[in-house]
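Dumped model.cif below, it's mmCIF, C-alpha atoms:
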```cif
data_target
loop_
_atom_site.label_atom_id
_atom_site.label_comp_id
_atom_site.auth_asym_id
_atom_site.auth_seq_id
_atom_site.Cartn_x
_atom_site.Cartn_y
_atom_site.Cartn_z
CA MET W 263 -9.06 9.79 15.44
CA ASP W 264 -7.17 12.66 13.85
CA SER W 265 -5.35 11.43 10.74
CA THR W 266 -2.19 13.27 11.84
CA ASN W 267 -1.88 10.69 14.64
CA SER W 268 -2.63 7.75 12.38
CA PRO W 269 0.25 5.47 11.41
CA ARG W 270 1.81 6.37 8.07
CA VAL W 271 1.78 3.22 5.97
CA VAL W 272 2.97 2.07 2.58
CA ILE W 273 0.63 -0.65 1.32
CA ASP W 274 1.79 -2.85 -1.54
CA THR W 275 -0.29 -2.97 -4.71
CA ASN W 276 -1.59 -6.52 -4.20
CA LEU W 277 -3.09 -5.63 -0.81
CA VAL W 278 -4.62 -2.37 -2.06
CA LEU W 279 -6.06 -4.22 -5.04
CA SER W 280 -7.53 -6.99 -2.87
CA ALA W 281 -9.04 -4.47 -0.47
CA LEU W 282 -10.63 -2.56 -3.35
CA VAL W 283 -11.80 -5.39 -5.63
CA PHE W 284 -12.93 -7.95 -3.04
CA THR W 285 -15.20 -5.73 -0.99
CA GLN W 286 -16.26 -8.53 1.36
CA GLY W 287 -12.83 -10.16 1.52
CA ARG W 288 -10.31 -10.54 4.30
CA LEU W 289 -8.92 -7.06 3.61
CA THR W 290 -12.22 -5.19 4.03
CA SER W 291 -10.88 -3.98 7.40
CA LEU W 292 -7.81 -2.53 5.68
CA ARG W 293 -10.00 -0.49 3.31
CA LEU W 294 -12.14 0.69 6.25
CA ALA W 295 -8.95 1.65 8.12
CA TRP W 296 -7.89 4.12 5.43
CA GLN W 297 -11.45 5.36 4.86
CA ASN W 298 -11.87 6.03 8.59
CA GLN W 299 -8.40 7.62 8.84
CA ARG W 300 -7.12 4.94 11.21
CA ILE W 301 -4.10 4.72 8.89
CA GLN W 302 -2.55 7.26 6.51
CA PRO W 303 -1.57 5.51 3.26
CA LEU W 304 1.39 6.98 1.41
CA VAL W 305 1.80 6.96 -2.37
CA SER W 306 4.43 8.10 -4.83
CA LYS W 307 4.17 8.59 -8.57
CA ALA W 308 5.69 5.13 -9.07
CA THR W 309 3.39 3.28 -6.65
CA ALA W 310 0.27 5.04 -7.96
CA ALA W 311 1.31 4.21 -11.53
CA GLU W 312 1.78 0.56 -10.51
CA LEU W 313 -1.76 0.44 -9.06
CA ILE W 314 -3.20 1.99 -12.23
CA ARG W 315 -1.25 -0.49 -14.38
CA VAL W 316 -2.45 -3.50 -12.38
CA LEU W 317 -6.09 -2.37 -12.36
CA ASN W 318 -5.91 -2.51 -16.15
CA TYR W 319 -4.96 -6.22 -16.22
CA PRO W 320 -7.39 -8.15 -18.47
CA LYS W 321 -7.98 -10.80 -15.78
CA PHE W 322 -9.86 -8.27 -13.62
CA LYS W 323 -12.22 -7.36 -16.49
CA LEU W 324 -12.64 -3.83 -15.12
CA SER W 325 -14.06 -1.12 -17.34
CA GLU W 326 -12.41 2.31 -17.41
CA ASP W 327 -15.22 3.63 -15.17
CA GLU W 328 -14.78 0.77 -12.70
CA GLN W 329 -11.02 1.39 -12.57
CA GLN W 330 -11.62 5.10 -11.91
CA GLU W 331 -14.15 4.27 -9.19
CA LEU W 332 -11.68 1.98 -7.43
CA LEU W 333 -8.91 4.58 -7.65
CA ALA W 334 -11.34 7.15 -6.20
CA ASP W 335 -11.86 4.82 -3.25
CA TYR W 336 -8.13 4.87 -2.45
CA LEU W 337 -6.09 7.76 -3.83
CA PRO W 338 -8.05 10.59 -2.11
CA TYR W 339 -7.20 8.99 1.25
CA CYS W 340 -3.49 8.87 0.44
CA PHE W 341 -0.74 11.34 1.19
CA SER W 342 1.52 11.89 -1.80
CA ILE W 343 5.28 11.72 -1.25
CA SER W 344 7.89 12.95 -3.72
CA ILE W 345 10.82 10.57 -3.97
CA PRO W 346 14.06 12.54 -3.96
CA ASN W 347 16.64 12.24 -6.72
CA PRO W 348 18.75 10.31 -6.04
CA PRO W 349 16.26 8.08 -4.18
CA PRO W 350 17.04 6.71 -0.72
CA ALA W 351 19.23 3.63 -0.67
CA THR W 352 17.34 0.39 -0.10
CA PRO W 353 18.45 -3.16 0.63
CA VAL W 354 18.85 -5.38 -2.42
CA CYS W 355 15.43 -6.75 -3.33
CA ARG W 356 14.75 -9.85 -5.44
CA ASP W 357 11.91 -8.09 -7.27
CA THR W 358 12.78 -4.72 -8.82
CA PHE W 359 9.05 -3.82 -8.89
CA ASP W 360 9.17 -3.74 -5.07
CA VAL W 361 11.95 -1.13 -4.86
CA PRO W 362 9.58 1.89 -5.23
CA PHE W 363 7.68 0.71 -2.14
CA LEU W 364 10.89 0.54 -0.13
CA GLN W 365 11.91 3.99 -1.39
CA LEU W 366 8.47 5.37 -0.51
CA ALA W 367 8.64 3.92 3.01
CA LEU W 368 11.98 5.66 3.56
CA ALA W 369 11.19 8.98 1.86
CA GLY W 370 7.76 9.16 3.52
CA GLN W 371 9.08 8.09 6.93
CA ALA W 372 6.42 5.38 7.03
CA ASP W 373 5.63 3.74 10.33
CA PHE W 374 5.06 0.45 8.46
CA LEU W 375 5.38 -1.10 5.03
CA ILE W 376 2.39 -3.46 4.71
CA THR W 377 2.75 -6.43 2.38
CA GLY W 378 2.08 -10.09 1.79
CA ASP W 379 5.00 -10.26 -0.65
CA GLN W 380 7.77 -12.64 0.44
CA ASP W 381 10.30 -10.59 -1.53
CA LEU W 382 9.60 -7.72 0.88
CA LEU W 383 8.89 -9.72 4.03
CA CYS W 384 12.32 -11.34 3.79
CA LEU W 385 13.90 -7.86 4.19
CA THR W 386 12.52 -7.21 7.69
CA GLU W 387 15.95 -7.60 9.30
CA SER W 388 17.80 -5.36 6.83
CA PHE W 389 15.26 -2.56 6.37
CA SER W 390 15.10 0.44 8.71
CA ARG W 391 11.28 0.59 8.69
CA PRO W 392 9.02 -2.20 10.02
CA ILE W 393 7.69 -4.52 7.30
CA TRP W 394 4.44 -6.09 8.45
CA THR W 395 1.70 -8.26 7.03
CA SER W 396 -1.81 -6.82 6.85
CA GLU W 397 -2.79 -9.23 9.65
CA GLN W 398 -0.12 -7.76 11.94
CA LEU W 399 -1.32 -4.22 11.24
CA LEU W 400 -5.02 -4.99 11.66
CA GLN W 401 -4.35 -6.90 14.87
CA THR W 402 -2.31 -4.00 16.27
CA LEU W 403 -5.02 -1.50 15.33
CA LYS W 404 -7.62 -3.95 16.71
CA LEU W 405 -9.62 -3.91 13.47
#
```
Encoded form (structure tokens):
Amino acid sequence: MDSTNSPRVVIDTNLVLSALVFTQGRLTSLRLAWQNQRIQPLVSKATAAELIRVLNYPKFKLSEDEQQELLADYLPYCFSISIPNPPPATPVCRDTFDVPFLQLALAGQADFLITGDQDLLCLTESFSRPIWTSEQLLQTLKL
């Protein structure tokens, strides 16, 4: 499948992290979807910085090389979006760390924002882009 026809998706940090760190986990299909260009992940400076920050958490016990290897398994597959200034208006979100993902979905004209985060999932009615769980996406793509 040509990646230009693949759905443009914003994937929250927790899902990206799970897909990268737990290679045989429930999100293996999500990682394979971006590697096989079945989806086109979008990133912004803020969302990439968030992923880098989280990979550095002590609880993951990842060396600098391991962090770089995981980033290399995701970022090259992503399409980078510049968030305009001022950024697009988003619905009020309970978690301010989630706002960059909403802004990215709007600025990048994402087909879906993929998350397991209740702070984002509760915005499905008030957000102009579909907010789906990874299960909904993988089921739709039949992965």
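Interatomic distance, atom CA of W:Asn318 against atom CA of W:Phe359: 16.7 Å.
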- Query: Which of these, W:Glu387, W:Asp373, W:Asp335, W:Asp360, has the shortest distance to W:Leu294 once you count only C-alpha atoms?
  - Reply: W:Asp335
- Query: Suppose you want the space between atom CA of W:Asp381 and atom CA of W:Thr358; what is it in Å?
  - Reply: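 Separation of atom CA of W:Asp381 and atom CA of W:Thr358: 9.7 Å.
Pairwise distance (atom CA of W:Ile345, atom CA of W:Glu328) equals 28.8 Å.
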- For the file shown, what are the residues hit by the PyMOL selection byres ((chain W and resi 329) around 12), laid out as an NGL selection string? :W and (279 or 282-283 or 313-320 or 322-328 or 330-337)
Next, dump the selected residues to file, keeping only C-alpha atoms, as a PDB file, in the frame of the given file.
```pdb
ATOM      1  CA  LEU W 279      -6.060  -4.220  -5.040  1.00  0.00           C
ATOM      2  CA  LEU W 282     -10.630  -2.560  -3.350  1.00  0.00           C
ATOM      3  CA  VAL W 283     -11.800  -5.390  -5.630  1.00  0.00           C
ATOM      4  CA  LEU W 313      -1.760   0.440  -9.060  1.00  0.00           C
ATOM      5  CA  ILE W 314      -3.200   1.990 -12.230  1.00  0.00           C
ATOM      6  CA  ARG W 315      -1.250  -0.490 -14.380  1.00  0.00           C
ATOM      7  CA  VAL W 316      -2.450  -3.500 -12.380  1.00  0.00           C
ATOM      8  CA  LEU W 317      -6.090  -2.370 -12.360  1.00  0.00           C
ATOM      9  CA  ASN W 318      -5.910  -2.510 -16.150  1.00  0.00           C
ATOM     10  CA  TYR W 319      -4.960  -6.220 -16.220  1.00  0.00           C
ATOM     11  CA  PRO W 320      -7.390  -8.150 -18.470  1.00  0.00           C
ATOM     12  CA  PHE W 322      -9.860  -8.270 -13.620  1.00  0.00           C
ATOM     13  CA  LYS W 323     -12.220  -7.360 -16.490  1.00  0.00           C
ATOM     14  CA  LEU W 324     -12.640  -3.830 -15.120  1.00  0.00           C
ATOM     15  CA  SER W 325     -14.060  -1.120 -17.340  1.00  0.00           C
ATOM     16  CA  GLU W 326     -12.410   2.310 -17.410  1.00  0.00           C
ATOM     17  CA  ASP W 327     -15.220   3.630 -15.170  1.00  0.00           C
ATOM     18  CA  GLU W 328     -14.780   0.770 -12.700  1.00  0.00           C
ATOM     19  CA  GLN W 330     -11.620   5.100 -11.910  1.00  0.00           C
ATOM     20  CA  GLU W 331     -14.150   4.270  -9.190  1.00  0.00           C
ATOM     21  CA  LEU W 332     -11.680   1.980  -7.430  1.00  0.00           C
ATOM     22  CA  LEU W 333      -8.910   4.580  -7.650  1.00  0.00           C
ATOM     23  CA  ALA W 334     -11.340   7.150  -6.200  1.00  0.00           C
ATOM     24  CA  ASP W 335     -11.860   4.820  -3.250  1.00  0.00           C
ATOM     25  CA  TYR W 336      -8.130   4.870  -2.450  1.00  0.00           C
ATOM     26  CA  LEU W 337      -6.090   7.760  -3.830  1.00  0.00           C
TER      27      LEU W 337
END
```
- Smallest atom-to-atom distance to W:Pro346: which of W:Lys307, W:Lys404, W:Arg288, W:Arg300, using all atoms listed in the file? W:Lys307
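The nearest approach to W:Phe389 among the residues W:Asn298, W:Pro349, W:Gln401, W:Gln365, with only C-alpha atoms taken into account, belongs to W:Gln365.
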Given 4 Å of margin on each side, can you work out the centre and size in Å (one decimal) of an axis-aligned box holding every listed atom of stretch 356-360 of chain W, as lines of an AutoDock Vina configuration file?
```
center_x = 11.9
center_y = -6.8
center_z = -7.0
size_x = 13.7
size_y = 14.1
size_z = 11.8
```
- Determine the residue membership of the PyMOL selection byres ((chain W and resi 342) around 7) for the file above and supply it as an NGL selection string. :W and (304-306 or 340-341 or 343-344)
- Task: Identify all residues satisfying the PyMOL selection byres ((chain W and resi 399) around 12) in the given file; provide them as an MDAnalysis selection string.
- Result: chainID W and resid 269:273 289 291:292 295 300:301 373:378 392:398 400:405
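Compared by their closest atoms to W:Pro338, and using all atoms listed in the file, the residues W:Ser390, W:Asp274, W:Thr290, W:Trp296 rank with W:Trp296 nearest.
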- Item | Counting only C-alpha atoms, the option among W:Pro362, W:Gly370, W:Gly287, W:Pro353 closest to W:Thr309 |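 Closest to W:Thr309, using only C-alpha atoms: W:Pro362.
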- Query: With distances taken over only C-alpha atoms, which of W:Gln371, W:Gln302, W:Arg293, W:Val354 is nearest to W:Leu277?
  - Reply: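 With only C-alpha atoms as the atom set, the closest residue is W:Arg293.
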